[in-house]
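**Student:** Pasting structure.cif below, which is mmCIF, C-alpha atoms.
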```
data_entry
#
loop_
_atom_site.group_PDB
_atom_site.id
_atom_site.type_symbol
_atom_site.label_atom_id
_atom_site.label_comp_id
_atom_site.auth_asym_id
_atom_site.auth_seq_id
_atom_site.Cartn_x
_atom_site.Cartn_y
_atom_site.Cartn_z
ATOM 1 C CA MET A 380 -21.595 9.106 9.605
ATOM 2 C CA CYS A 381 -19.338 6.373 10.988
ATOM 3 C CA ALA A 382 -15.924 7.597 12.060
ATOM 4 C CA ASP A 383 -14.200 5.277 9.619
ATOM 5 C CA CYS A 384 -16.293 6.418 6.677
ATOM 6 C CA ASP A 385 -15.818 9.617 4.752
ATOM 7 C CA PRO A 386 -17.194 10.426 1.303
ATOM 8 C CA ASP A 387 -13.718 11.400 0.080
ATOM 9 C CA PHE A 388 -12.170 8.037 0.878
ATOM 10 C CA SER A 389 -13.070 4.415 0.293
ATOM 11 C CA PRO A 390 -14.123 2.597 3.474
ATOM 12 C CA PRO A 391 -11.548 0.275 5.081
ATOM 13 C CA GLY A 392 -11.878 -3.332 3.959
ATOM 14 C CA LEU A 393 -10.638 -6.607 5.341
ATOM 15 C CA LYS A 394 -7.237 -6.875 7.031
ATOM 16 C CA ALA A 395 -5.558 -8.273 3.902
ATOM 17 C CA ASP A 396 -6.777 -5.359 1.768
ATOM 18 C CA LEU A 397 -5.891 -2.847 4.436
ATOM 19 C CA GLU A 398 -2.345 -4.140 4.739
ATOM 20 C CA GLU A 399 -1.486 -5.403 1.271
ATOM 21 C CA GLY A 400 -3.796 -3.414 -0.998
ATOM 22 C CA VAL A 401 -3.026 -0.296 -2.983
ATOM 23 C CA THR A 402 -6.290 1.482 -2.207
ATOM 24 C CA LEU A 403 -6.100 4.321 0.290
ATOM 25 C CA THR A 404 -8.673 3.480 2.984
ATOM 26 C CA PRO A 405 -7.667 5.574 6.006
ATOM 27 C CA ARG A 406 -8.934 4.432 9.387
ATOM 28 C CA PHE A 407 -9.994 7.524 11.298
ATOM 29 C CA GLY A 408 -10.416 6.973 15.053
ATOM 30 C CA PRO A 409 -13.592 7.535 17.085
ATOM 31 C CA ASP A 410 -12.549 11.219 17.202
ATOM 32 C CA GLY A 411 -12.385 11.315 13.385
ATOM 33 C CA LEU A 412 -8.611 11.702 13.365
ATOM 34 C CA ILE A 413 -5.506 9.842 12.269
ATOM 35 C CA THR A 414 -1.990 10.454 13.565
ATOM 36 C CA ALA A 415 0.386 12.399 11.331
ATOM 37 C CA VAL A 416 4.126 12.181 11.892
ATOM 38 C CA THR A 417 6.222 14.771 10.120
ATOM 39 C CA SER A 418 9.952 14.598 9.538
ATOM 40 C CA ASP A 419 12.508 16.690 7.694
ATOM 41 C CA ALA A 420 12.982 15.178 4.226
ATOM 42 C CA GLN A 421 16.680 15.996 4.214
ATOM 43 C CA SER A 422 17.918 15.288 7.749
ATOM 44 C CA GLY A 423 15.351 12.642 8.667
ATOM 45 C CA ASP A 424 14.787 14.394 12.009
ATOM 46 C CA LEU A 425 11.320 14.179 13.480
ATOM 47 C CA LEU A 426 9.730 17.623 13.476
ATOM 48 C CA MET A 427 6.289 17.138 15.002
ATOM 49 C CA VAL A 428 3.427 14.746 15.711
ATOM 50 C CA ALA A 429 -0.053 16.020 14.926
ATOM 51 C CA HIS A 430 -3.470 14.851 13.748
ATOM 52 C CA MET A 431 -5.524 14.999 10.563
ATOM 53 C CA ASN A 432 -9.232 14.715 9.978
ATOM 54 C CA ALA A 433 -10.534 13.635 6.582
ATOM 55 C CA GLU A 434 -10.488 17.175 5.211
ATOM 56 C CA ALA A 435 -6.905 17.819 6.348
ATOM 57 C CA LEU A 436 -5.774 14.525 4.816
ATOM 58 C CA LYS A 437 -7.560 15.297 1.563
ATOM 59 C CA LEU A 438 -6.102 18.803 1.333
ATOM 60 C CA THR A 439 -2.594 17.533 2.114
ATOM 61 C CA ILE A 440 -2.835 14.970 -0.680
ATOM 62 C CA GLU A 441 -4.324 17.378 -3.205
ATOM 63 C CA THR A 442 -2.149 20.431 -2.525
ATOM 64 C CA GLY A 443 1.097 18.744 -1.452
ATOM 65 C CA GLU A 444 1.221 21.044 1.586
ATOM 66 C CA ALA A 445 0.678 19.766 5.134
ATOM 67 C CA HIS A 446 -2.745 20.423 6.626
ATOM 68 C CA TYR A 447 -3.654 19.241 10.112
ATOM 69 C CA TRP A 448 -6.576 19.345 12.497
ATOM 70 C CA SER A 449 -5.806 21.503 15.506
ATOM 71 C CA ARG A 450 -7.321 19.736 18.499
ATOM 72 C CA SER A 451 -6.806 22.771 20.740
ATOM 73 C CA ARG A 452 -8.409 25.239 18.328
ATOM 74 C CA LYS A 453 -10.830 22.662 16.894
ATOM 75 C CA ALA A 454 -10.094 23.934 13.408
ATOM 76 C CA LEU A 455 -8.451 22.979 10.148
ATOM 77 C CA TRP A 456 -4.831 24.112 10.229
ATOM 78 C CA HIS A 457 -2.864 24.851 7.073
ATOM 79 C CA LYS A 458 0.578 24.784 8.644
ATOM 80 C CA GLY A 459 2.509 27.949 7.838
ATOM 81 C CA ASP A 460 -0.516 29.929 6.747
ATOM 82 C CA THR A 461 0.335 32.762 9.123
ATOM 83 C CA SER A 462 3.956 31.928 10.059
ATOM 84 C CA GLY A 463 5.239 31.197 6.552
ATOM 85 C CA GLN A 464 6.409 27.761 7.766
ATOM 86 C CA ILE A 465 4.671 25.938 4.926
ATOM 87 C CA GLN A 466 5.530 22.239 4.886
ATOM 88 C CA SER A 467 5.909 21.037 1.299
ATOM 89 C CA VAL A 468 5.425 17.293 1.110
ATOM 90 C CA VAL A 469 8.328 15.481 -0.562
ATOM 91 C CA GLU A 470 6.861 12.085 0.175
ATOM 92 C CA MET A 471 3.843 10.863 2.093
ATOM 93 C CA ARG A 472 3.359 7.307 3.340
ATOM 94 C CA ILE A 473 0.686 5.371 5.196
ATOM 95 C CA ASP A 474 1.249 2.552 7.676
ATOM 96 C CA CYS A 475 0.220 -1.099 7.618
ATOM 97 C CA ASP A 476 -3.196 -0.668 9.225
ATOM 98 C CA GLN A 477 -3.784 2.748 7.621
ATOM 99 C CA ASP A 478 -4.287 4.753 10.809
ATOM 100 C CA ALA A 479 -1.115 6.861 10.648
ATOM 101 C CA VAL A 480 0.620 8.855 7.933
ATOM 102 C CA TRP A 481 4.252 9.902 7.635
ATOM 103 C CA LEU A 482 5.092 13.158 5.872
ATOM 104 C CA LYS A 483 8.623 13.925 4.740
ATOM 105 C CA VAL A 484 8.651 17.675 4.220
ATOM 106 C CA ARG A 485 10.685 20.712 3.227
ATOM 107 C CA VAL A 486 9.880 23.567 5.599
ATOM 108 C CA GLY A 487 9.451 27.126 4.294
ATOM 109 C CA GLY A 488 9.837 30.471 6.062
ATOM 110 C CA ASP A 489 12.396 30.439 8.859
ATOM 111 C CA GLY A 490 12.521 26.638 8.766
ATOM 112 C CA GLY A 491 10.792 26.130 12.105
ATOM 113 C CA SER A 492 7.979 23.705 12.870
ATOM 114 C CA CYS A 493 7.431 24.115 16.621
ATOM 115 C CA HIS A 494 5.238 26.795 18.184
ATOM 116 C CA THR A 495 8.023 27.390 20.721
ATOM 117 C CA GLY A 496 10.082 28.872 17.885
ATOM 118 C CA ARG A 497 12.309 25.869 17.321
ATOM 119 C CA ARG A 498 13.058 23.751 14.258
ATOM 120 C CA THR A 499 11.571 20.633 15.896
ATOM 121 C CA CYS A 500 9.165 19.954 18.758
ATOM 122 C CA PHE A 501 11.539 17.225 19.949
ATOM 123 C CA TYR A 502 14.285 19.400 21.449
ATOM 124 C CA ARG A 503 14.742 17.537 24.745
ATOM 125 C CA ALA A 504 16.291 14.108 25.255
ATOM 126 C CA ILE A 505 15.251 11.673 27.993
ATOM 127 C CA PRO A 506 18.329 9.866 29.361
ATOM 128 C CA THR A 507 17.865 6.098 29.461
ATOM 129 C CA GLY A 508 19.430 3.342 31.534
ATOM 130 C CA GLY A 509 18.584 4.727 34.979
ATOM 131 C CA PRO A 510 15.590 5.135 37.300
ATOM 132 C CA VAL A 511 12.863 7.389 35.876
ATOM 133 C CA GLY A 512 12.979 9.509 39.020
ATOM 134 C CA ARG A 513 16.366 10.843 37.912
ATOM 135 C CA ALA A 514 15.471 11.352 34.244
ATOM 136 C CA THR A 515 16.378 15.033 33.929
ATOM 137 C CA LEU A 516 15.784 16.155 30.347
ATOM 138 C CA VAL A 517 18.762 17.245 28.257
ATOM 139 C CA LEU A 518 18.376 20.097 25.777
ATOM 140 C CA ARG A 519 19.113 19.276 22.107
ATOM 141 C CA ASP A 520 18.572 21.475 19.052
ATOM 142 C CA ALA A 521 17.174 23.900 21.583
ATOM 143 C CA GLU A 522 18.065 27.202 19.970
ATOM 144 C CA ARG A 523 15.096 29.241 18.877
ATOM 145 C CA LEU A 524 14.742 30.513 15.321
ATOM 146 C CA ARG A 525 12.346 33.264 16.470
ATOM 147 C CA PRO A 526 10.465 34.312 19.625
ATOM 148 C CA ALA A 527 7.939 31.769 20.886
ATOM 149 C CA PHE A 528 4.243 32.286 20.240
ATOM 150 C CA GLY A 529 1.055 30.485 21.013
ATOM 151 C CA MET B 1366 -6.172 8.239 39.596
ATOM 152 C CA CYS B 1367 -6.183 11.063 37.089
ATOM 153 C CA ALA B 1368 -4.934 10.100 33.635
ATOM 154 C CA ASP B 1369 -2.178 12.691 33.787
ATOM 155 C CA CYS B 1370 -0.915 11.497 37.152
ATOM 156 C CA ASP B 1371 1.236 8.460 37.745
ATOM 157 C CA PRO B 1372 3.335 7.679 40.802
ATOM 158 C CA ASP B 1373 6.413 7.081 38.640
ATOM 159 C CA PHE B 1374 6.354 10.521 37.074
ATOM 160 C CA SER B 1375 5.984 14.081 38.320
ATOM 161 C CA PRO B 1376 2.622 15.650 37.411
ATOM 162 C CA PRO B 1377 2.597 18.112 34.499
ATOM 163 C CA GLY B 1378 2.993 21.724 35.590
ATOM 164 C CA LEU B 1379 2.284 25.032 33.917
ATOM 165 C CA LYS B 1380 2.839 25.533 30.200
ATOM 166 C CA ALA B 1381 6.223 27.218 30.723
ATOM 167 C CA ASP B 1382 7.528 24.304 32.818
ATOM 168 C CA LEU B 1383 6.098 21.764 30.421
ATOM 169 C CA GLU B 1384 7.774 23.353 27.423
ATOM 170 C CA GLU B 1385 10.970 24.857 28.805
ATOM 171 C CA GLY B 1386 11.658 22.784 31.907
ATOM 172 C CA VAL B 1387 13.999 19.835 32.291
ATOM 173 C CA THR B 1388 11.659 17.722 34.395
ATOM 174 C CA LEU B 1389 9.996 14.800 32.656
ATOM 175 C CA THR B 1390 6.260 15.272 33.236
ATOM 176 C CA PRO B 1391 4.567 13.125 30.536
ATOM 177 C CA ARG B 1392 0.982 13.985 29.672
ATOM 178 C CA PHE B 1393 -0.905 10.736 29.267
ATOM 179 C CA GLY B 1394 -4.244 11.087 27.476
ATOM 180 C CA PRO B 1395 -7.664 10.137 28.843
ATOM 181 C CA ASP B 1396 -6.823 6.566 27.758
ATOM 182 C CA GLY B 1397 -3.621 6.660 29.837
ATOM 183 C CA LEU B 1398 -1.395 6.611 26.745
ATOM 184 C CA ILE B 1399 1.114 8.806 24.966
ATOM 185 C CA THR B 1400 2.128 8.456 21.326
ATOM 186 C CA ALA B 1401 5.482 6.838 20.599
ATOM 187 C CA VAL B 1402 7.173 7.375 17.243
ATOM 188 C CA THR B 1403 10.047 5.073 16.449
ATOM 189 C CA SER B 1404 12.647 5.618 13.761
ATOM 190 C CA ASP B 1405 15.810 3.849 12.662
ATOM 191 C CA ALA B 1406 18.767 5.550 14.360
ATOM 192 C CA GLN B 1407 20.987 5.078 11.317
ATOM 193 C CA SER B 1408 18.750 5.732 8.294
ATOM 194 C CA GLY B 1409 16.294 8.108 9.968
ATOM 195 C CA ASP B 1410 13.414 6.141 8.424
ATOM 196 C CA LEU B 1411 10.202 5.977 10.375
ATOM 197 C CA LEU B 1412 9.599 2.396 11.515
ATOM 198 C CA MET B 1413 6.327 2.495 13.442
ATOM 199 C CA VAL B 1414 3.889 4.581 15.468
ATOM 200 C CA ALA B 1415 2.645 3.040 18.702
ATOM 201 C CA HIS B 1416 1.537 3.943 22.218
ATOM 202 C CA MET B 1417 2.945 3.742 25.724
ATOM 203 C CA ASN B 1418 1.262 3.718 29.091
ATOM 204 C CA ALA B 1419 3.180 4.836 32.178
ATOM 205 C CA GLU B 1420 4.640 1.385 32.765
ATOM 206 C CA ALA B 1421 5.833 1.021 29.166
ATOM 207 C CA LEU B 1422 7.432 4.470 29.289
ATOM 208 C CA LYS B 1423 9.115 3.700 32.607
ATOM 209 C CA LEU B 1424 10.462 0.351 31.376
ATOM 210 C CA THR B 1425 11.727 1.892 28.136
ATOM 211 C CA ILE B 1426 13.631 4.540 30.079
ATOM 212 C CA GLU B 1427 15.028 2.144 32.649
ATOM 213 C CA THR B 1428 16.010 -0.717 30.335
ATOM 214 C CA GLY B 1429 16.850 1.191 27.157
ATOM 215 C CA GLU B 1430 14.672 -1.227 25.175
ATOM 216 C CA ALA B 1431 11.365 -0.158 23.610
ATOM 217 C CA HIS B 1432 8.242 -1.205 25.494
ATOM 218 C CA TYR B 1433 4.773 -0.283 24.267
ATOM 219 C CA TRP B 1434 1.164 -0.754 25.247
ATOM 220 C CA SER B 1435 -0.642 -2.968 22.769
ATOM 221 C CA ARG B 1436 -4.103 -1.492 22.349
ATOM 222 C CA SER B 1437 -5.354 -4.563 20.478
ATOM 223 C CA ARG B 1438 -4.084 -7.046 23.067
ATOM 224 C CA LYS B 1439 -4.541 -4.639 25.992
ATOM 225 C CA ALA B 1440 -1.185 -5.695 27.366
ATOM 226 C CA LEU B 1441 2.321 -4.440 27.971
ATOM 227 C CA TRP B 1442 4.448 -5.220 24.927
ATOM 228 C CA HIS B 1443 8.208 -5.648 25.119
ATOM 229 C CA LYS B 1444 8.907 -5.330 21.420
ATOM 230 C CA GLY B 1445 10.955 -8.269 20.163
ATOM 231 C CA ASP B 1446 10.298 -10.459 23.170
ATOM 232 C CA THR B 1447 9.117 -13.309 20.966
ATOM 233 C CA SER B 1448 10.356 -12.205 17.509
ATOM 234 C CA GLY B 1449 13.872 -11.172 18.538
ATOM 235 C CA GLN B 1450 13.240 -7.721 17.039
ATOM 236 C CA ILE B 1451 14.389 -5.943 20.204
ATOM 237 C CA GLN B 1452 14.579 -2.181 19.701
ATOM 238 C CA SER B 1453 17.616 -0.782 21.530
ATOM 239 C CA VAL B 1454 17.143 2.910 22.200
ATOM 240 C CA VAL B 1455 20.005 5.037 20.898
ATOM 241 C CA GLU B 1456 18.255 8.281 21.828
ATOM 242 C CA MET B 1457 14.862 9.122 23.224
ATOM 243 C CA ARG B 1458 13.244 12.547 23.061
ATOM 244 C CA ILE B 1459 10.022 14.146 24.251
ATOM 245 C CA ASP B 1460 8.070 16.885 22.502
ATOM 246 C CA CYS B 1461 7.193 20.429 23.530
ATOM 247 C CA ASP B 1462 3.960 19.606 25.360
ATOM 248 C CA GLN B 1463 5.233 16.222 26.594
ATOM 249 C CA ASP B 1464 2.535 14.050 25.055
ATOM 250 C CA ALA B 1465 4.677 12.247 22.474
ATOM 251 C CA VAL B 1466 8.063 10.543 22.548
ATOM 252 C CA TRP B 1467 10.498 9.844 19.719
ATOM 253 C CA LEU B 1468 12.708 6.773 19.904
ATOM 254 C CA LYS B 1469 15.748 6.375 17.656
ATOM 255 C CA VAL B 1470 16.510 2.681 17.756
ATOM 256 C CA ARG B 1471 18.757 -0.108 16.543
ATOM 257 C CA VAL B 1472 16.635 -3.142 15.681
ATOM 258 C CA GLY B 1473 17.757 -6.648 16.623
ATOM 259 C CA GLY B 1474 16.853 -10.031 15.130
ATOM 260 C CA ASP B 1475 16.049 -9.875 11.427
ATOM 261 C CA GLY B 1476 15.849 -6.074 11.543
ATOM 262 C CA GLY B 1477 12.090 -5.878 11.039
ATOM 263 C CA SER B 1478 9.632 -3.776 13.007
ATOM 264 C CA CYS B 1479 6.308 -4.406 11.244
ATOM 265 C CA HIS B 1480 4.026 -7.351 12.000
ATOM 266 C CA THR B 1481 3.608 -7.811 8.227
ATOM 267 C CA GLY B 1482 7.241 -8.953 8.137
ATOM 268 C CA ARG B 1483 8.719 -5.741 6.785
ATOM 269 C CA ARG B 1484 11.437 -3.434 8.059
ATOM 270 C CA THR B 1485 8.964 -0.530 8.468
ATOM 271 C CA CYS B 1486 5.192 -0.214 8.797
ATOM 272 C CA PHE B 1487 5.336 2.660 6.315
ATOM 273 C CA TYR B 1488 5.902 0.677 3.098
ATOM 274 C CA ARG B 1489 3.309 2.407 0.912
ATOM 275 C CA ALA B 1490 3.476 5.941 -0.492
ATOM 276 C CA ILE B 1491 0.434 8.132 -1.119
ATOM 277 C CA PRO B 1492 0.939 10.147 -4.326
ATOM 278 C CA THR B 1493 0.247 13.856 -3.837
ATOM 279 C CA GLY B 1494 -0.791 16.628 -6.188
ATOM 280 C CA GLY B 1495 -3.946 15.014 -7.561
ATOM 281 C CA PRO B 1496 -7.505 14.220 -6.508
ATOM 282 C CA VAL B 1497 -7.721 11.797 -3.564
ATOM 283 C CA GLY B 1498 -10.005 9.546 -5.581
ATOM 284 C CA ARG B 1499 -7.045 8.597 -7.758
ATOM 285 C CA ALA B 1500 -4.544 8.163 -4.931
ATOM 286 C CA THR B 1501 -3.429 4.610 -5.640
ATOM 287 C CA LEU B 1502 -0.768 3.605 -3.141
ATOM 288 C CA VAL B 1503 2.753 2.894 -4.379
ATOM 289 C CA LEU B 1504 4.814 0.150 -2.781
ATOM 290 C CA ARG B 1505 8.131 1.206 -1.202
ATOM 291 C CA ASP B 1506 10.519 -0.879 0.906
ATOM 292 C CA ALA B 1507 7.881 -3.535 0.474
ATOM 293 C CA GLU B 1508 10.003 -6.649 0.513
ATOM 294 C CA ARG B 1509 9.362 -8.911 3.456
ATOM 295 C CA LEU B 1510 12.151 -10.051 5.757
ATOM 296 C CA ARG B 1511 10.090 -13.047 6.878
ATOM 297 C CA PRO B 1512 6.545 -14.413 6.543
ATOM 298 C CA ALA B 1513 3.843 -12.166 7.988
ATOM 299 C CA PHE B 1514 2.277 -12.995 11.324
ATOM 300 C CA GLY B 1515 -0.382 -11.494 13.569
#
```
Mind turning the file's structure into structure tokens?
**Tutor:**
Amino acid sequence: MCADCDPDFSPPGLKADLEEGVTLTPRFGPDGLITAVTSDAQSGDLLMVAHMNAEALKLTIETGEAHYWSRSRKALWHKGDTSGQIQSVVEMRIDCDQDAVWLKVRVGGDGGSCHTGRRTCFYRAIPTGGPVGRATLVLRDAERLRPAFG
Amino acid sequence: MCADCDPDFSPPGLKADLEEGVTLTPRFGPDGLITAVTSDAQSGDLLMVAHMNAEALKLTIETGEAHYWSRSRKALWHKGDTSGQIQSVVEMRIDCDQDAVWLKVRVGGDGGSCHTGRRTCFYRAIPTGGPVGRATLVLRDAERLRPAFG
């Protein structure tokens, strides 16, 4: 099976169709994955960046709950299945060349999305405007909702 | 040179340092890249998903303007250099395992970020809650700011 082809989705067409068409033709990479970017539907804050294989993308579309492919565990990952942090999709979008999706979600359970126990995985800022050697990270939204796991 | 090592950045340490430390130790993939997610600092809308190599990351930090690595052109890409769509970084964050960065930006020029001439690359919604076979994309924020190029 070619990486771009999956029985659940139509194969990607020409550039014009890919960019201007209304047919979903996701372009999975050589590893069979596309990038998924998830943000909080209310605040707009980025929560996490993850990956989806064809099955995860299909299940996310059909159930309205975020499913990913865990590259570390090499397994389908229904986010919140064990933690209760189900991500209900408010809106889902795909980008111009159909190799990335954006999920705007409402998070269940304690409201966290990061395995460190925080609301977002992006809890540290990188100061800009100076040499990288001095770029000490600055904690933001760093309070934990629960003990870390994983 | 190992993909994770770059003279401009400290090498990634143990999991605890990576996740809880304040030292920037980016984890570039086997291709030498990390994922960069860029959103509009004011609206919170996702604008684009791209990639950075060590040089692009360094230049973004030092200049406060978004630089990427263009995988298609295999070249450093100072966003807006020719189009005027300079992305000024309002805040930059890194994620828990330091393999993705989030840029909140103010966009110069005509305010676009997508090569199709739109404000965002994510101008089509994927309806959820039904079979994927019927997932016809729905246009959102689809008006062009200028003719498409690229």
**Student:** From the list A:Gly423, A:Gly512, A:Gly488, A:Gly443, which residue is nearest Thr1390 in chain B when using all atoms listed in the file?
**Tutor:**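 Among A:Gly423, A:Gly512, A:Gly488, A:Gly443, it is A:Gly512 that comes nearest to Thr1390 in chain B.
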**Student:** Give one line per residue of chain A that approaches chain B to at most 9 Å, naming the two atoms of the closest pair and their distance in Å to one decimal, counting all atoms listed in the file; sort by chain then ascending residue number and deliver it as JSON lines.
**Tutor:**
```
{"residue": "A:Asp387", "atom": "CA", "partner": "B:Gly1498", "partner_atom": "CA", "distance": 7.0}
{"residue": "A:Phe388", "atom": "CA", "partner": "B:Gly1498", "partner_atom": "CA", "distance": 7.0}
{"residue": "A:Ser389", "atom": "CA", "partner": "B:Gly1498", "partner_atom": "CA", "distance": 8.4}
{"residue": "A:Glu398", "atom": "CA", "partner": "B:Thr1481", "partner_atom": "CA", "distance": 7.8}
{"residue": "A:Glu399", "atom": "CA", "partner": "B:Thr1481", "partner_atom": "CA", "distance": 9.0}
{"residue": "A:Gly400", "atom": "CA", "partner": "B:Leu1502", "partner_atom": "CA", "distance": 7.9}
{"residue": "A:Val401", "atom": "CA", "partner": "B:Leu1502", "partner_atom": "CA", "distance": 4.5}
{"residue": "A:Thr402", "atom": "CA", "partner": "B:Thr1501", "partner_atom": "CA", "distance": 5.5}
{"residue": "A:Leu403", "atom": "CA", "partner": "B:Leu1502", "partner_atom": "CA", "distance": 6.4}
{"residue": "A:Thr414", "atom": "CA", "partner": "B:Val1414", "partner_atom": "CA", "distance": 8.5}
{"residue": "A:Val416", "atom": "CA", "partner": "B:Val1402", "partner_atom": "CA", "distance": 7.8}
{"residue": "A:Ser418", "atom": "CA", "partner": "B:Leu1411", "partner_atom": "CA", "distance": 8.7}
{"residue": "A:Ser422", "atom": "CA", "partner": "B:Gly1409", "partner_atom": "CA", "distance": 7.7}
{"residue": "A:Gly423", "atom": "CA", "partner": "B:Gly1409", "partner_atom": "CA", "distance": 4.8}
{"residue": "A:Asp424", "atom": "CA", "partner": "B:Gly1409", "partner_atom": "CA", "distance": 6.8}
{"residue": "A:Leu425", "atom": "CA", "partner": "B:Trp1467", "partner_atom": "CA", "distance": 7.6}
{"residue": "A:Met427", "atom": "CA", "partner": "B:Asp1460", "partner_atom": "CA", "distance": 7.7}
{"residue": "A:Val428", "atom": "CA", "partner": "B:Ala1465", "partner_atom": "CA", "distance": 7.3}
{"residue": "A:Lys437", "atom": "CA", "partner": "B:Val1497", "partner_atom": "CA", "distance": 6.2}
{"residue": "A:Leu438", "atom": "CA", "partner": "B:Val1497", "partner_atom": "CA", "distance": 8.7}
{"residue": "A:Thr439", "atom": "CA", "partner": "B:Thr1493", "partner_atom": "CA", "distance": 7.6}
{"residue": "A:Ile440", "atom": "CA", "partner": "B:Thr1493", "partner_atom": "CA", "distance": 4.6}
{"residue": "A:Glu441", "atom": "CA", "partner": "B:Gly1494", "partner_atom": "CA", "distance": 4.7}
{"residue": "A:Thr442", "atom": "CA", "partner": "B:Gly1494", "partner_atom": "CA", "distance": 5.5}
{"residue": "A:Gly443", "atom": "CA", "partner": "B:Thr1493", "partner_atom": "CA", "distance": 5.5}
{"residue": "A:Val468", "atom": "CA", "partner": "B:Thr1493", "partner_atom": "CA", "distance": 7.9}
{"residue": "A:Val469", "atom": "CA", "partner": "B:Thr1493", "partner_atom": "CA", "distance": 8.9}
{"residue": "A:Glu470", "atom": "CA", "partner": "B:Ala1490", "partner_atom": "CA", "distance": 7.0}
{"residue": "A:Met471", "atom": "CA", "partner": "B:Ile1491", "partner_atom": "CA", "distance": 5.4}
{"residue": "A:Arg472", "atom": "CA", "partner": "B:Ala1490", "partner_atom": "CA", "distance": 4.1}
{"residue": "A:Ile473", "atom": "CA", "partner": "B:Phe1487", "partner_atom": "CA", "distance": 5.5}
{"residue": "A:Asp474", "atom": "CA", "partner": "B:Phe1487", "partner_atom": "CA", "distance": 4.3}
{"residue": "A:Cys475", "atom": "CA", "partner": "B:Cys1486", "partner_atom": "CA", "distance": 5.2}
{"residue": "A:Asp476", "atom": "CA", "partner": "B:Cys1486", "partner_atom": "CA", "distance": 8.4}
{"residue": "A:Ala479", "atom": "CA", "partner": "B:Val1414", "partner_atom": "CA", "distance": 7.3}
{"residue": "A:Val480", "atom": "CA", "partner": "B:Phe1487", "partner_atom": "CA", "distance": 8.0}
{"residue": "A:Trp481", "atom": "CA", "partner": "B:Phe1487", "partner_atom": "CA", "distance": 7.4}
{"residue": "A:Cys493", "atom": "CA", "partner": "B:Cys1461", "partner_atom": "CA", "distance": 7.8}
{"residue": "A:His494", "atom": "CA", "partner": "B:Cys1461", "partner_atom": "CA", "distance": 8.5}
{"residue": "A:Thr495", "atom": "CA", "partner": "B:Cys1461", "partner_atom": "CA", "distance": 7.6}
{"residue": "A:Thr499", "atom": "CA", "partner": "B:Asp1460", "partner_atom": "CA", "distance": 8.4}
{"residue": "A:Cys500", "atom": "CA", "partner": "B:Asp1460", "partner_atom": "CA", "distance": 5.0}
{"residue": "A:Phe501", "atom": "CA", "partner": "B:Asp1460", "partner_atom": "CA", "distance": 4.3}
{"residue": "A:Tyr502", "atom": "CA", "partner": "B:Asp1460", "partner_atom": "CA", "distance": 6.8}
{"residue": "A:Arg503", "atom": "CA", "partner": "B:Arg1458", "partner_atom": "CA", "distance": 5.5}
{"residue": "A:Ala504", "atom": "CA", "partner": "B:Arg1458", "partner_atom": "CA", "distance": 4.1}
{"residue": "A:Ile505", "atom": "CA", "partner": "B:Arg1458", "partner_atom": "CA", "distance": 5.4}
{"residue": "A:Pro506", "atom": "CA", "partner": "B:Met1457", "partner_atom": "CA", "distance": 7.1}
{"residue": "A:Thr507", "atom": "CA", "partner": "B:Ile1426", "partner_atom": "CA", "distance": 4.6}
{"residue": "A:Gly508", "atom": "CA", "partner": "B:Glu1427", "partner_atom": "CA", "distance": 4.7}
{"residue": "A:Gly509", "atom": "CA", "partner": "B:Glu1427", "partner_atom": "CA", "distance": 5.0}
{"residue": "A:Pro510", "atom": "CA", "partner": "B:Glu1427", "partner_atom": "CA", "distance": 5.6}
{"residue": "A:Val511", "atom": "CA", "partner": "B:Lys1423", "partner_atom": "CA", "distance": 6.2}
{"residue": "A:Gly512", "atom": "CA", "partner": "B:Phe1374", "partner_atom": "CA", "distance": 7.0}
{"residue": "A:Ala514", "atom": "CA", "partner": "B:Leu1389", "partner_atom": "CA", "distance": 6.7}
{"residue": "A:Thr515", "atom": "CA", "partner": "B:Thr1388", "partner_atom": "CA", "distance": 5.5}
{"residue": "A:Leu516", "atom": "CA", "partner": "B:Val1387", "partner_atom": "CA", "distance": 4.5}
{"residue": "A:Val517", "atom": "CA", "partner": "B:Val1387", "partner_atom": "CA", "distance": 6.8}
{"residue": "A:Leu518", "atom": "CA", "partner": "B:Val1387", "partner_atom": "CA", "distance": 7.9}
{"residue": "A:Arg519", "atom": "CA", "partner": "B:Arg1458", "partner_atom": "CA", "distance": 9.0}
```
**Student:** With the PyMOL selection byres ((chain A and resi 447) around 9) as the selection, what would be picked from this file? Answer as a JSON list (two decimals) with C-alpha atoms, keeping the file's coordinate frame, please.
**Tutor:**
```json
[["chain", "number", "residue", "atom", "x", "y", "z"],
["A", 415, "ALA", "CA", 0.39, 12.40, 11.33],
["A", 429, "ALA", "CA", -0.05, 16.02, 14.93],
["A", 430, "HIS", "CA", -3.47, 14.85, 13.75],
["A", 431, "MET", "CA", -5.52, 15.00, 10.56],
["A", 432, "ASN", "CA", -9.23, 14.72, 9.98],
["A", 434, "GLU", "CA", -10.49, 17.18, 5.21],
["A", 435, "ALA", "CA", -6.90, 17.82, 6.35],
["A", 436, "LEU", "CA", -5.77, 14.52, 4.82],
["A", 439, "THR", "CA", -2.59, 17.53, 2.11],
["A", 445, "ALA", "CA", 0.68, 19.77, 5.13],
["A", 446, "HIS", "CA", -2.74, 20.42, 6.63],
["A", 448, "TRP", "CA", -6.58, 19.34, 12.50],
["A", 449, "SER", "CA", -5.81, 21.50, 15.51],
["A", 454, "ALA", "CA", -10.09, 23.93, 13.41],
["A", 455, "LEU", "CA", -8.45, 22.98, 10.15],
["A", 456, "TRP", "CA", -4.83, 24.11, 10.23],
["A", 457, "HIS", "CA", -2.86, 24.85, 7.07],
["A", 458, "LYS", "CA", 0.58, 24.78, 8.64]]
```
**Student:** Between CA of Ala1513 in chain B and CA of Gly1482 in chain B, what is the distance, to one decimal in Å?
**Tutor:**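 A separation of 4.7 Å between them.
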